[in-house]
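K.L.:
Pasting upload-v6.txt here (compact mmCIF, C-alpha atoms):
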```txt
# COMPACT_ATOMS: atom_id res chain seq x y z
CA MET U 505 -17.12 -7.70 -28.21
CA ILE U 506 -18.99 -10.46 -26.44
CA ILE U 507 -18.33 -13.93 -27.75
CA THR U 508 -21.49 -16.00 -28.32
CA GLN U 509 -22.13 -19.61 -29.25
CA GLU U 510 -22.99 -18.59 -32.80
CA ASN U 511 -19.54 -17.07 -33.40
CA LYS U 512 -17.15 -19.03 -35.56
CA MET U 513 -14.42 -20.62 -33.49
CA ALA U 514 -11.84 -19.36 -35.98
CA ASP U 515 -13.01 -15.77 -35.48
CA LEU U 516 -12.23 -15.97 -31.78
CA ILE U 517 -8.58 -16.42 -32.58
CA HIS U 518 -8.63 -13.68 -35.22
CA MET U 519 -10.05 -11.39 -32.58
CA ASN U 520 -7.63 -12.25 -29.79
CA TYR U 521 -4.88 -14.71 -30.59
CA LEU U 522 -4.09 -15.20 -26.91
CA LEU U 523 -7.33 -17.18 -26.70
CA MET U 524 -5.52 -19.90 -28.62
CA SER U 525 -3.92 -21.30 -25.51
CA VAL U 526 -7.19 -21.09 -23.59
CA ILE U 527 -8.96 -23.04 -26.32
CA ASN U 528 -6.18 -25.64 -26.40
CA ARG U 529 -6.60 -26.10 -22.68
CA PHE U 530 -10.11 -27.38 -23.28
CA GLY U 531 -8.61 -30.04 -25.51
CA ILE U 532 -9.61 -28.28 -28.71
CA GLN U 533 -7.00 -28.18 -31.46
CA LEU U 534 -6.78 -25.91 -34.51
CA GLY U 535 -8.43 -26.86 -37.78
CA PHE U 536 -12.05 -26.13 -36.94
CA ALA U 537 -12.97 -24.92 -40.46
CA ASN U 538 -16.14 -22.84 -40.26
CA LYS U 539 -17.68 -24.50 -37.25
CA THR U 540 -19.33 -22.37 -34.60
CA VAL U 541 -18.29 -22.29 -30.98
CA ASP U 542 -21.28 -24.42 -30.05
CA GLN U 543 -20.56 -27.04 -32.72
CA VAL U 544 -16.93 -27.39 -31.68
CA CYS U 545 -17.84 -27.58 -27.99
CA GLN U 546 -20.43 -30.28 -28.62
CA GLU U 547 -17.95 -32.33 -30.63
CA HIS U 548 -15.54 -32.22 -27.71
CA LYS U 549 -18.28 -32.75 -25.10
CA ILE U 550 -17.55 -29.41 -23.51
CA ASP U 551 -20.21 -27.37 -21.72
CA THR U 552 -20.68 -24.52 -24.22
CA ARG U 553 -21.93 -22.08 -21.60
CA PHE U 554 -18.91 -22.69 -19.43
CA PHE U 555 -16.56 -22.36 -22.38
CA LEU U 556 -18.16 -19.03 -23.33
CA GLU U 557 -17.85 -17.67 -19.82
CA ILE U 558 -14.17 -18.57 -19.67
CA VAL U 559 -13.23 -17.08 -23.04
CA ASN U 560 -15.28 -13.94 -22.44
CA ALA U 561 -13.73 -13.43 -19.05
CA PHE U 562 -10.29 -13.89 -20.56
CA HIS U 563 -10.96 -11.59 -23.49
CA ASP U 564 -12.58 -8.76 -21.55
CA LYS U 565 -11.59 -7.94 -17.98
CA GLU U 566 -14.76 -5.91 -17.51
CA TYR U 567 -16.84 -8.98 -18.25
CA PHE U 568 -16.34 -10.16 -14.68
CA PRO U 569 -18.05 -11.10 -12.49
CA ASP U 570 -21.32 -11.54 -14.16
CA LYS U 571 -22.38 -14.08 -11.54
CA ASN U 572 -22.78 -16.39 -14.52
CA LEU U 573 -19.56 -18.23 -13.81
CA GLN U 574 -20.77 -18.82 -10.30
CA THR U 575 -23.63 -20.95 -11.56
CA PHE U 576 -21.20 -23.67 -12.65
CA SER U 577 -20.19 -26.51 -10.39
CA ILE U 578 -16.98 -26.30 -8.40
CA LYS U 579 -15.94 -29.51 -10.13
CA LEU U 580 -16.08 -27.83 -13.54
CA ILE U 581 -14.19 -24.76 -12.38
CA VAL U 582 -11.52 -26.81 -10.60
CA GLU U 583 -11.04 -28.99 -13.67
CA TYR U 584 -10.36 -25.90 -15.74
CA LEU U 585 -7.97 -24.44 -13.15
CA LEU U 586 -6.08 -27.74 -12.98
CA LYS U 587 -5.70 -27.75 -16.76
CA THR U 588 -4.37 -24.23 -16.61
CA HIS U 589 -1.78 -25.23 -14.01
CA ARG U 590 -0.66 -28.08 -16.22
CA TYR U 591 -0.40 -25.73 -19.18
CA TYR U 592 1.90 -23.43 -17.21
CA LEU U 593 4.13 -26.12 -15.78
CA GLU U 594 4.26 -28.55 -18.67
CA GLU U 595 4.25 -26.15 -21.60
CA LYS U 596 4.89 -22.49 -20.90
CA VAL U 597 7.56 -22.66 -18.22
CA PRO U 598 9.75 -25.25 -19.99
CA GLU U 599 9.42 -23.23 -23.20
CA LEU U 600 10.44 -20.04 -21.45
CA GLU U 601 13.28 -21.78 -19.69
CA ILE U 602 14.82 -22.82 -23.01
CA LEU U 603 14.24 -19.37 -24.49
CA ILE U 604 15.77 -17.51 -21.56
CA ASP U 605 18.75 -19.80 -21.51
CA LYS U 606 19.24 -19.19 -25.22
CA MET U 607 18.75 -15.46 -24.78
CA VAL U 608 21.33 -15.25 -22.03
CA LYS U 609 23.86 -17.11 -24.17
CA GLU U 610 23.16 -15.42 -27.50
CA CYS U 611 22.13 -11.92 -26.58
CA TYR U 612 24.37 -11.10 -23.69
CA SER U 613 27.30 -13.46 -23.93
CA ASP U 614 29.90 -11.06 -22.56
CA ALA U 615 27.68 -9.27 -20.07
CA GLU U 616 28.95 -9.68 -16.57
CA ASN U 617 26.97 -11.75 -14.06
CA ILE U 618 24.29 -12.50 -16.62
CA ASP U 619 23.79 -15.90 -15.00
CA VAL U 620 21.77 -14.29 -12.23
CA LEU U 621 18.99 -13.91 -14.75
CA ILE U 622 18.78 -17.68 -15.16
CA GLN U 623 18.91 -18.05 -11.41
CA PHE U 624 16.09 -15.55 -11.09
CA PHE U 625 13.91 -17.47 -13.50
CA THR U 626 14.64 -20.74 -11.71
CA GLU U 627 13.49 -19.13 -8.47
CA TYR U 628 10.34 -18.00 -10.21
CA LYS U 629 9.73 -21.47 -11.54
CA ASN U 630 10.12 -23.01 -8.09
CA GLU U 631 7.71 -20.47 -6.68
CA LEU U 632 5.16 -21.32 -9.34
CA VAL U 633 5.59 -25.05 -8.74
CA THR U 634 5.07 -24.67 -4.98
CA HIS U 635 2.11 -22.41 -5.53
CA THR U 636 0.30 -24.69 -7.96
CA LYS U 637 1.16 -27.81 -5.96
CA ARG U 638 -0.41 -26.34 -2.85
CA GLU U 639 -3.57 -25.59 -4.79
CA ASP U 640 -3.68 -28.96 -6.55
CA GLU U 641 -3.10 -30.93 -3.37
CA VAL U 642 -4.85 -28.91 -0.68
CA VAL U 643 -7.09 -26.14 -1.92
CA PHE U 644 -8.85 -27.77 -4.86
CA PRO U 645 -9.55 -31.08 -3.07
CA TYR U 646 -10.95 -29.07 -0.18
CA ALA U 647 -13.21 -27.09 -2.52
CA LEU U 648 -14.44 -30.33 -4.13
CA LYS U 649 -15.17 -31.86 -0.74
CA ILE U 650 -17.25 -28.88 0.26
CA GLU U 651 -19.32 -29.31 -2.85
CA GLN U 652 -19.75 -33.04 -2.19
CA ALA U 653 -20.78 -32.36 1.37
CA TYR U 654 -23.35 -29.91 0.18
CA GLU U 655 -24.75 -32.30 -2.37
CA ASN U 656 -24.72 -35.47 -0.20
CA PRO U 657 -26.11 -34.72 3.23
CA GLU U 658 -25.64 -38.32 4.45
CA ASN U 659 -21.85 -38.24 4.84
CA ARG U 660 -21.69 -34.63 5.74
CA LYS U 661 -20.62 -35.09 9.37
CA ASP U 662 -17.02 -36.11 8.78
CA LEU U 663 -16.63 -33.37 6.24
CA ILE U 664 -17.83 -30.70 8.59
CA VAL U 665 -15.07 -31.73 10.97
CA GLU U 666 -12.60 -31.24 8.18
CA LEU U 667 -14.19 -27.97 7.28
CA ARG U 668 -13.19 -26.63 10.65
CA LYS U 669 -9.52 -27.44 10.04
CA TYR U 670 -9.20 -25.41 6.88
CA SER U 671 -11.28 -22.72 5.25
CA MET U 672 -11.27 -20.63 2.12
CA GLN U 673 -10.27 -17.69 4.26
CA ASP U 674 -7.01 -19.50 5.09
CA TYR U 675 -6.49 -19.96 1.40
CA MET U 676 -7.04 -16.28 0.67
CA ASN U 677 -4.55 -15.38 3.38
CA GLU U 678 -1.87 -17.63 1.95
CA HIS U 679 -2.63 -16.97 -1.71
CA ASP U 680 0.54 -15.17 -2.68
CA ASN U 681 1.07 -13.05 -5.68
CA ILE U 682 2.88 -15.04 -8.36
CA GLU U 683 2.74 -12.26 -10.91
CA GLU U 684 5.23 -9.97 -9.19
CA LYS U 685 8.37 -11.83 -10.17
CA LEU U 686 7.24 -11.98 -13.80
CA PHE U 687 6.70 -8.25 -13.74
CA ASP U 688 10.21 -7.74 -12.37
CA LEU U 689 11.74 -10.02 -14.96
CA LYS U 690 10.10 -8.01 -17.74
CA ASN U 691 11.41 -4.76 -16.33
CA ILE U 692 14.92 -6.12 -15.88
CA ILE U 693 15.03 -7.15 -19.54
CA ILE U 694 13.39 -3.97 -20.81
CA LYS U 695 15.25 -1.49 -18.65
CA TYR U 696 18.41 -2.85 -17.12
CA LEU U 697 20.13 -5.30 -19.43
CA PRO U 698 22.56 -4.04 -22.06
CA PRO U 699 21.16 -3.84 -25.62
CA PRO U 700 20.79 -7.43 -26.85
CA LYS U 701 22.89 -8.81 -29.70
CA ASN U 702 19.94 -10.81 -30.99
CA LYS U 703 16.96 -8.46 -30.94
CA ALA U 704 14.46 -10.97 -32.31
CA LEU U 705 15.16 -13.53 -29.62
CA CYS U 706 14.94 -10.96 -26.87
CA ASN U 707 11.62 -9.69 -28.23
CA THR U 708 10.28 -13.24 -28.35
CA VAL U 709 11.15 -13.75 -24.70
CA LEU U 710 9.42 -10.51 -23.75
CA THR U 711 6.32 -11.33 -25.77
CA GLU U 712 6.13 -14.73 -24.10
CA LEU U 713 6.50 -13.12 -20.67
CA PHE U 714 3.70 -10.64 -21.41
CA ASN U 715 1.44 -13.43 -22.65
CA LEU U 716 2.11 -15.64 -19.65
CA GLU U 717 1.50 -12.72 -17.31
CA GLN U 718 -1.87 -12.01 -18.88
CA ASP U 719 -2.82 -15.67 -18.71
CA ILE U 720 -1.84 -15.92 -15.05
CA ASN U 721 -3.73 -12.74 -14.21
CA ASP U 722 -6.86 -14.22 -15.74
CA HIS U 723 -6.29 -17.47 -13.88
CA SER U 724 -5.96 -15.66 -10.55
CA ARG U 725 -9.12 -13.69 -11.25
CA ILE U 726 -11.06 -16.91 -11.76
CA GLU U 727 -9.66 -18.29 -8.52
CA GLU U 728 -10.33 -15.20 -6.49
CA LYS U 729 -13.59 -13.99 -7.98
CA VAL U 730 -15.29 -17.23 -8.92
CA LEU U 731 -13.96 -20.20 -6.98
CA VAL U 732 -13.43 -18.51 -3.62
CA PRO U 733 -16.82 -16.75 -3.35
CA LYS U 734 -18.56 -19.94 -4.42
CA VAL U 735 -16.84 -22.07 -1.81
CA VAL U 736 -17.31 -19.45 0.88
CA GLU U 737 -21.03 -19.42 0.16
CA LEU U 738 -21.27 -23.20 0.51
CA GLU U 739 -19.18 -23.10 3.71
CA LYS U 740 -21.68 -20.70 5.22
CA LYS U 741 -24.64 -22.82 4.19
CA LEU U 742 -23.06 -25.97 5.62
CA ILE U 743 -22.25 -24.37 8.94
CA THR U 744 -25.69 -22.88 9.48
CA GLN U 745 -27.50 -26.10 8.55
CA MET X 1392 5.35 13.06 -12.34
CA PRO X 1393 2.56 15.36 -11.18
CA LYS X 1394 -0.48 15.04 -13.41
CA LEU X 1395 -2.50 17.81 -14.95
CA SER X 1396 -6.08 18.46 -13.99
CA VAL X 1397 -8.49 19.46 -16.69
CA ILE X 1398 -12.00 20.82 -16.88
CA ILE X 1399 -14.29 20.52 -19.90
CA ALA X 1400 -17.14 23.02 -20.17
CA GLU X 1401 -19.40 22.25 -23.09
CA GLU X 1402 -23.11 21.96 -23.58
CA SER X 1403 -23.13 19.07 -26.02
CA TYR X 1404 -22.99 15.70 -24.34
CA LEU X 1405 -21.40 14.08 -27.39
CA ILE X 1406 -18.64 16.66 -27.68
CA ARG X 1407 -17.92 16.50 -23.97
CA LYS X 1408 -17.64 12.74 -23.98
CA GLY X 1409 -15.62 12.76 -27.19
CA LEU X 1410 -13.09 15.17 -25.74
CA LEU X 1411 -13.04 13.22 -22.50
CA SER X 1412 -12.20 9.96 -24.26
CA LEU X 1413 -9.38 11.66 -26.19
CA LEU X 1414 -7.94 13.22 -23.02
CA LEU X 1415 -8.00 9.86 -21.25
CA GLU X 1416 -5.46 8.63 -23.77
CA PHE X 1417 -2.82 11.00 -22.41
CA SER X 1418 -0.83 9.69 -19.49
CA SER X 1419 -0.04 13.24 -18.35
CA ILE X 1420 -3.69 13.92 -17.55
CA GLY X 1421 -4.85 13.15 -14.04
CA LYS X 1422 -8.25 14.48 -13.11
CA ILE X 1423 -10.88 15.40 -15.68
CA VAL X 1424 -14.08 17.16 -14.67
CA GLU X 1425 -17.06 18.03 -16.87
CA SER X 1426 -19.47 20.93 -16.79
CA ALA X 1427 -22.45 21.34 -19.08
CA ASN X 1428 -23.12 25.03 -18.39
CA GLU X 1429 -21.58 28.22 -17.10
CA GLU X 1430 -23.04 27.96 -13.64
CA SER X 1431 -21.49 24.59 -12.94
CA LEU X 1432 -18.20 25.70 -14.55
CA LEU X 1433 -17.91 28.71 -12.26
CA GLU X 1434 -18.76 26.59 -9.26
CA ARG X 1435 -16.07 24.02 -10.13
CA LEU X 1436 -13.43 26.67 -10.78
CA GLU X 1437 -14.23 28.23 -7.44
CA GLN X 1438 -13.69 24.94 -5.60
CA GLU X 1439 -10.56 23.65 -7.25
CA SER X 1440 -7.78 24.74 -9.55
CA TYR X 1441 -7.56 23.29 -13.02
CA THR X 1442 -4.47 23.75 -15.14
CA ILE X 1443 -6.24 23.45 -18.46
CA CYS X 1444 -9.79 24.59 -19.18
CA PHE X 1445 -11.47 23.48 -22.40
CA ILE X 1446 -14.43 25.80 -22.74
CA ASN X 1447 -17.01 26.36 -25.43
CA PRO X 1448 -17.06 30.21 -25.48
CA SER X 1449 -20.72 30.28 -26.44
CA ILE X 1450 -21.79 29.06 -22.99
CA LEU X 1451 -20.14 32.09 -21.36
CA THR X 1452 -21.85 35.35 -20.48
CA SER X 1453 -19.80 38.52 -20.15
CA GLU X 1454 -20.20 38.39 -16.36
CA GLY X 1455 -19.05 34.81 -16.28
CA ILE X 1456 -15.92 35.51 -18.27
CA LYS X 1457 -15.17 38.46 -16.01
CA LYS X 1458 -15.16 36.18 -12.96
CA ILE X 1459 -12.93 33.67 -14.69
CA GLN X 1460 -10.54 36.43 -15.75
CA GLU X 1461 -10.25 37.62 -12.15
CA GLN X 1462 -9.39 34.10 -11.02
CA ASN X 1463 -6.91 33.69 -13.84
CA LEU X 1464 -4.84 36.51 -12.39
CA LYS X 1465 -4.30 34.47 -9.25
CA LYS X 1466 -3.92 31.04 -10.79
CA SER X 1467 -1.95 30.08 -13.84
CA ARG X 1468 -4.34 28.43 -16.23
CA VAL X 1469 -4.61 27.80 -19.93
CA MET X 1470 -7.87 28.69 -21.59
CA VAL X 1471 -8.61 26.54 -24.62
CA ALA X 1472 -11.64 27.43 -26.73
CA ILE X 1473 -13.75 24.66 -28.25
CA LEU X 1474 -14.80 26.06 -31.64
CA PRO X 1475 -16.89 24.67 -34.51
CA SER X 1476 -14.17 25.56 -37.00
CA GLU X 1477 -11.02 27.63 -37.49
CA SER X 1478 -13.02 30.57 -38.88
CA SER X 1479 -15.52 30.70 -36.01
CA ASP X 1480 -15.80 34.02 -34.34
CA ASN X 1481 -16.98 34.77 -30.85
CA ALA X 1482 -17.04 37.84 -28.68
CA GLN X 1483 -15.27 36.05 -25.84
CA LEU X 1484 -12.50 34.64 -27.99
CA LYS X 1485 -9.97 37.25 -26.91
CA HIS X 1486 -9.91 35.68 -23.46
CA PHE X 1487 -8.59 32.43 -24.84
CA THR X 1488 -4.97 31.74 -25.73
CA GLU X 1489 -5.53 28.42 -27.47
CA SER X 1490 -8.25 26.68 -29.41
CA ILE X 1491 -9.33 23.33 -30.78
CA THR X 1492 -11.95 22.91 -33.48
CA LEU X 1493 -14.59 20.30 -34.11
CA ASP X 1494 -13.44 19.70 -37.66
CA GLN X 1495 -9.89 18.74 -36.65
CA GLY X 1496 -8.81 15.13 -37.03
CA LYS X 1497 -7.27 13.06 -34.27
CA SER X 1498 -3.66 13.65 -35.28
CA GLN X 1499 -4.14 17.44 -35.36
CA LEU X 1500 -5.83 17.42 -31.97
CA VAL X 1501 -3.16 15.21 -30.46
CA LYS X 1502 -0.40 17.45 -31.78
CA LYS X 1503 -2.06 20.50 -30.30
CA MET X 1504 -2.66 18.90 -26.91
CA ASP X 1505 0.72 17.31 -26.73
CA GLY X 1506 2.33 20.73 -27.15
CA LEU X 1507 0.06 22.15 -24.49
CA PHE X 1508 0.61 19.38 -21.95
CA THR X 1509 4.38 19.08 -22.31
CA ARG X 1510 4.71 22.79 -21.59
CA PHE X 1511 3.18 22.21 -18.18
CA VAL X 1512 4.67 18.87 -17.39
CA GLN X 1513 8.17 20.13 -18.15
CA SER X 1514 7.81 23.19 -15.98
CA GLN X 1515 7.27 20.87 -13.02
CA PRO X 1516 10.38 19.32 -11.49
CA ASP X 1517 10.56 15.64 -12.27
CA TYR X 1518 11.89 13.77 -9.29
CA GLU X 1519 11.90 10.29 -10.64
CA SER X 1520 13.75 10.29 -13.92
CA SER X 1521 16.35 12.94 -13.06
CA SER X 1522 18.65 10.71 -11.08
CA GLY X 1523 18.69 7.04 -10.22
CA LEU X 1524 18.84 5.99 -6.63
CA SER X 1525 20.17 8.26 -3.93
CA LYS X 1526 23.28 7.27 -1.97
CA ARG X 1527 21.19 6.24 1.00
CA GLU X 1528 18.85 4.18 -1.17
CA LYS X 1529 21.80 2.36 -2.69
CA ILE X 1530 23.01 1.41 0.76
CA ILE X 1531 19.55 0.12 1.66
CA LEU X 1532 19.34 -1.79 -1.61
CA ARG X 1533 22.73 -3.35 -0.92
CA HIS X 1534 21.48 -4.67 2.40
CA ILE X 1535 18.27 -5.99 0.83
CA ALA X 1536 20.35 -7.87 -1.73
CA LEU X 1537 22.50 -9.31 1.02
CA GLY X 1538 19.37 -10.80 2.49
CA TYR X 1539 18.77 -8.62 5.54
CA THR X 1540 15.24 -7.99 6.80
CA ASN X 1541 13.84 -4.49 7.26
CA LYS X 1542 14.38 -4.73 11.01
CA GLU X 1543 18.01 -5.84 10.64
CA ILE X 1544 18.71 -3.07 8.14
CA GLY X 1545 17.24 -0.53 10.55
CA GLU X 1546 19.43 -1.80 13.37
CA LYS X 1547 22.57 -1.79 11.25
CA LEU X 1548 22.02 1.71 9.88
CA PHE X 1549 20.55 3.19 13.09
CA ILE X 1550 17.24 4.11 11.50
CA SER X 1551 13.70 3.00 12.28
CA THR X 1552 12.10 0.07 10.47
CA HIS X 1553 9.51 2.54 9.25
CA THR X 1554 12.22 4.59 7.53
CA VAL X 1555 13.59 1.44 5.90
CA VAL X 1556 10.13 0.64 4.56
CA THR X 1557 9.79 4.15 3.13
CA HIS X 1558 13.17 3.81 1.42
CA ARG X 1559 12.15 0.46 -0.01
CA LYS X 1560 8.95 1.88 -1.40
CA ASN X 1561 10.90 4.68 -3.07
CA ILE X 1562 13.42 2.25 -4.52
CA THR X 1563 10.64 0.10 -5.98
CA ARG X 1564 8.88 3.15 -7.41
CA LYS X 1565 12.06 4.48 -9.00
CA ILE X 1566 13.37 1.32 -10.61
CA GLY X 1567 10.08 -0.53 -11.14
CA ILE X 1568 11.10 -3.75 -9.40
CA LYS X 1569 9.11 -5.20 -6.51
CA THR X 1570 10.51 -8.52 -5.34
CA VAL X 1571 13.65 -9.14 -3.29
CA SER X 1572 15.07 -11.44 -5.98
CA GLY X 1573 14.41 -8.80 -8.63
CA LEU X 1574 16.07 -6.12 -6.53
CA THR X 1575 19.05 -8.42 -6.03
CA VAL X 1576 19.44 -8.90 -9.77
CA TYR X 1577 19.31 -5.13 -10.25
CA ALA X 1578 21.89 -4.60 -7.50
CA ILE X 1579 24.27 -7.11 -9.08
CA PHE X 1580 23.95 -5.62 -12.56
CA ASN X 1581 24.57 -2.17 -11.20
CA LYS X 1582 27.51 -3.28 -9.07
CA ILE X 1583 25.82 -2.20 -5.86
CA VAL X 1584 26.63 -5.64 -4.54
CA GLY X 1585 29.05 -8.30 -5.74
CA MET X 1586 28.04 -11.73 -6.90
CA ASP X 1587 30.44 -13.41 -4.43
CA GLU X 1588 29.17 -11.34 -1.51
CA ILE X 1589 25.70 -12.74 -2.11
CA ARG X 1590 26.93 -16.30 -2.22
CA THR X 1591 28.70 -15.95 1.11
CA SER X 1592 25.86 -14.11 2.82
CA ARG X 1593 23.24 -16.75 2.05
```
Take the structure in the file and give it back as structure tokens.
P.N.:
Amino acid sequence: MIITQENKMADLIHMNYLLMSVINRFGIQLGFANKTVDQVCQEHKIDTRFFLEIVNAFHDKEYFPDKNLQTFSIKLIVEYLLKTHRYYLEEKVPELEILIDKMVKECYSDAENIDVLIQFFTEYKNELVTHTKREDEVVFPYALKIEQAYENPENRKDLIVELRKYSMQDYMNEHDNIEEKLFDLKNIIIKYLPPPKNKALCNTVLTELFNLEQDINDHSRIEEKVLVPKVVELEKKLITQ
Amino acid sequence: MPKLSVIIAEESYLIRKGLLSLLLEFSSIGKIVESANEESLLERLEQESYTICFINPSILTSEGIKKIQEQNLKKSRVMVAILPSESSDNAQLKHFTESITLDQGKSQLVKKMDGLFTRFVQSQPDYESSSGLSKREKIILRHIALGYTNKEIGEKLFISTHTVVTHRKNITRKIGIKTVSGLTVYAIFNKIVGMDEIRTSR
């Protein structure tokens, strides 16, 4: 189903509860009564069209890439991606860290060498931190500069020099896959750990891992299919001008 | 696990697509091909072998069924008739060993197909689930966990880097773990490598 501005915001969550975290990321909290998507977006001063593209893309993989997302400014896209990074690092990962720690202690207390699981998650966390930091500090500022250069021809010269030092192609080459370790972690818990003593806790951890994985997959798709092509296009235009 | 290839021969677009969408829900099904008439069915069967053929008998002429019968002698194939209902009769029906009917519900159809597909899938040797890792693969995995690169492993075990890569791919496929850290965790849990060995090697 395609989500439109006339849909009730509450119905979005009934339809796909994973959208909850996406909606929160826009700064929208629960308690929207019977307001429509458009009404809620206007209240929060959010571009309704952009909001719709993001939730539709998240809800339906096939929705991509309708070229629609590409009509939005790099600034808007980068803002959303930054918020997503913060959501991972400030909310999801700390939550999972506590859960996994608890799971290791409560579900597998006598299992041998179970600590390696914690170690594994710490490694994953560090990888995610490095990955997002690189994007926040290098890639996104670069993308924003390209857009500025395109919009303000007067100070374009200095920026073109910079443009030659780094390009979106470099980014694509270094953009590593942060989903793989999550996938492995899921399989280790599902297939290779002894049956847990506390089933409910173990299931919660797995559900959280699946949800995070889906969220990260969506995030990577927006980076690779929306942000990158858009910047590459502007790079080309700047160079030929 | 090798997947089954299926052909659907049926005039009605809706029935064809309906059957197709049901078949797509089975993980044991690989390729699915559609034919709307006898001519295209015969052509397809000539080109490739299909393990299971869902055919509406009413599209077949007696010459057509003769050709299919001749091929059936050479290739093992299941002929499933698509019938309007259980009581439907058709002159060609004797050439079919199984049937599905349009008035069956999803659970009946699934039961029927499941029986059909498992028969074939089981008769094929299953390489992946039978045993875990081979002896050689365990040795390779041990070295990966100890932090050696593909090249170093090759040198230590007197095999080419290419062979190491092939082993690694097989290990990943068998146990479903891709990253070095994940493989290390697996190796520790399965006592392929000791916790203390890893500490000293890194």
K.L.:
From the list X:Arg1564, X:Ile1589, X:Ser1572, X:Asn1447, which residue is nearest chain U when using only C-alpha atoms?
P.N.:
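Looking at the shortest contact to chain U, the residue is X:Ser1572.
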K.L.:
At a cut-off of 12 Å, using all atoms listed in the file, what residues contact range 1401-1407 of chain X? Leave out same-chain residues fewer than 4 positions from it and give the result as a short mmCIF file (atom, residue, chain, number, x, y, z; two decimals) with C-alpha atoms, keeping the file's coordinate frame.
P.N.:
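The new file out.cif reads:
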```
data_model
loop_
_atom_site.label_atom_id
_atom_site.label_comp_id
_atom_site.auth_asym_id
_atom_site.auth_seq_id
_atom_site.Cartn_x
_atom_site.Cartn_y
_atom_site.Cartn_z
CA LEU X 1411 -13.04 13.22 -22.50
CA SER X 1412 -12.20 9.96 -24.26
CA LEU X 1413 -9.38 11.66 -26.19
CA LEU X 1414 -7.94 13.22 -23.02
CA ILE X 1423 -10.88 15.40 -15.68
CA VAL X 1424 -14.08 17.16 -14.67
CA GLU X 1425 -17.06 18.03 -16.87
CA SER X 1426 -19.47 20.93 -16.79
CA ALA X 1427 -22.45 21.34 -19.08
CA ASN X 1428 -23.12 25.03 -18.39
CA GLU X 1429 -21.58 28.22 -17.10
CA GLU X 1430 -23.04 27.96 -13.64
CA SER X 1431 -21.49 24.59 -12.94
CA LEU X 1432 -18.20 25.70 -14.55
CA CYS X 1444 -9.79 24.59 -19.18
CA PHE X 1445 -11.47 23.48 -22.40
CA ILE X 1446 -14.43 25.80 -22.74
CA ASN X 1447 -17.01 26.36 -25.43
CA PRO X 1448 -17.06 30.21 -25.48
CA SER X 1449 -20.72 30.28 -26.44
CA ILE X 1450 -21.79 29.06 -22.99
CA LEU X 1451 -20.14 32.09 -21.36
CA VAL X 1471 -8.61 26.54 -24.62
CA ALA X 1472 -11.64 27.43 -26.73
CA ILE X 1473 -13.75 24.66 -28.25
CA LEU X 1474 -14.80 26.06 -31.64
CA PRO X 1475 -16.89 24.67 -34.51
CA ILE X 1491 -9.33 23.33 -30.78
CA THR X 1492 -11.95 22.91 -33.48
CA LEU X 1493 -14.59 20.30 -34.11
CA ASP X 1494 -13.44 19.70 -37.66
#
```
K.L.:
Which residues of chain X sit at most 8 Å from chain U, using only C-alpha atoms? Give each one's shortest atom pair and distance in Å (one decimal place), in chain and ascending residue order, as a Markdown table.
P.N.:
```
| residue | atom | partner | partner_atom | distance |
| --- | --- | --- | --- | --- |
| X:Gly1567 | CA | U:Asn691 | CA | 6.8 |
| X:Ile1568 | CA | U:Asp688 | CA | 5.1 |
| X:Lys1569 | CA | U:Asp688 | CA | 6.5 |
| X:Thr1570 | CA | U:Lys685 | CA | 6.2 |
| X:Ser1572 | CA | U:Phe624 | CA | 6.6 |
| X:Gly1573 | CA | U:Asp688 | CA | 5.7 |
| X:Val1576 | CA | U:Val620 | CA | 6.4 |
| X:Tyr1577 | CA | U:Ile692 | CA | 7.2 |
| X:Ile1579 | CA | U:Asn617 | CA | 7.3 |
| X:Phe1580 | CA | U:Asn617 | CA | 7.0 |
| X:Met1586 | CA | U:Asn617 | CA | 7.2 |
```
K.L.:
Excluding Leu716 in chain U and its own-chain neighbours fewer than 3 positions away, which residues fall within 10 Å of it when counting all atoms listed in the file? Please give them as a list in words.
P.N.:
Leu522, Tyr592, Lys596, Val597, Leu600, Glu683, Leu686, Leu710, Thr711, Glu712, Leu713, Asp719, Ile720, Asn721 and Asp722 of chain U
K.L.:
Go ahead and write the residues just picked, C-alpha atoms, as a PDB file, in the coordinates of the input.
P.N.:
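After the write, out_30.pdb holds the following:
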```pdb
ATOM      1  CA  LEU U 522      -4.090 -15.200 -26.910  1.00  0.00           C
ATOM      2  CA  TYR U 592       1.900 -23.430 -17.210  1.00  0.00           C
ATOM      3  CA  LYS U 596       4.890 -22.490 -20.900  1.00  0.00           C
ATOM      4  CA  VAL U 597       7.560 -22.660 -18.220  1.00  0.00           C
ATOM      5  CA  LEU U 600      10.440 -20.040 -21.450  1.00  0.00           C
ATOM      6  CA  GLU U 683       2.740 -12.260 -10.910  1.00  0.00           C
ATOM      7  CA  LEU U 686       7.240 -11.980 -13.800  1.00  0.00           C
ATOM      8  CA  LEU U 710       9.420 -10.510 -23.750  1.00  0.00           C
ATOM      9  CA  THR U 711       6.320 -11.330 -25.770  1.00  0.00           C
ATOM     10  CA  GLU U 712       6.130 -14.730 -24.100  1.00  0.00           C
ATOM     11  CA  LEU U 713       6.500 -13.120 -20.670  1.00  0.00           C
ATOM     12  CA  ASP U 719      -2.820 -15.670 -18.710  1.00  0.00           C
ATOM     13  CA  ILE U 720      -1.840 -15.920 -15.050  1.00  0.00           C
ATOM     14  CA  ASN U 721      -3.730 -12.740 -14.210  1.00  0.00           C
ATOM     15  CA  ASP U 722      -6.860 -14.220 -15.740  1.00  0.00           C
TER      16      ASP U 722
END
```
